[in-house]
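Notes follow once the structure below has been shown.
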Amino acid sequence: MNRNYVVCECTGTTVGQIEQAVQQGGRTFDDVKARLGVGKQCIKCKDLISLLIESYVEDLEEE
Ligand code: FES
């Protein structure tokens, strides 16, 4: 997925920022929510962001 794609429209948070939050230790949606402020308004981004987190965590575990 394009790193510049905006996954949370309410905050303008991009795919790349989600990846970075995982690299910095975020492991769950709530971790990333606390770091970036995503999912605090309409919450429609939650499912996609959760999937992205899962996939980045798997990538890290494979390294
Ligand atoms: S799109 Fe993320 S809180 Fe609205």
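To be explicit about the labels: the chains of the structure tokens are called A, B, and onward in the order shown, and within each one the residues are counted from 1, while ligands get numbers from 1 in the order they are shown.
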Given 10 Å and only C-alpha atoms and all ligand atoms, residues near ligand 1 as a ChimeraX atom specification:
/A:6-13,33,37-49
Write out as a list in words the residues lying within 12 Å of Ala21 (chain A), counting only C-alpha atoms and excluding same-chain residues fewer than 4 positions away.
Thr13, Thr14, Val15, Gly16, Gln17, Gly25, Gly26, Arg27, Thr28, Phe29, Asp30, Asp31, Val32, Lys33, Ala34, Arg35, Leu36, Gly37, Val38, Ile49, Leu52, Ile53, Tyr56 and Val57 of chain A
From a backbone DSSP assignment, name each residue in chain A labelled helix (DSSP H, G or I), as a PyMOL selection string.
chain A and resi 15-23+29-36+46-62
Within chain A, find each residue whose DSSP state, derived from the backbone, is strand (DSSP E), and express the selection as a list in words.
Val6, Val7, Cys8, Thr13 and Thr14 of chain A
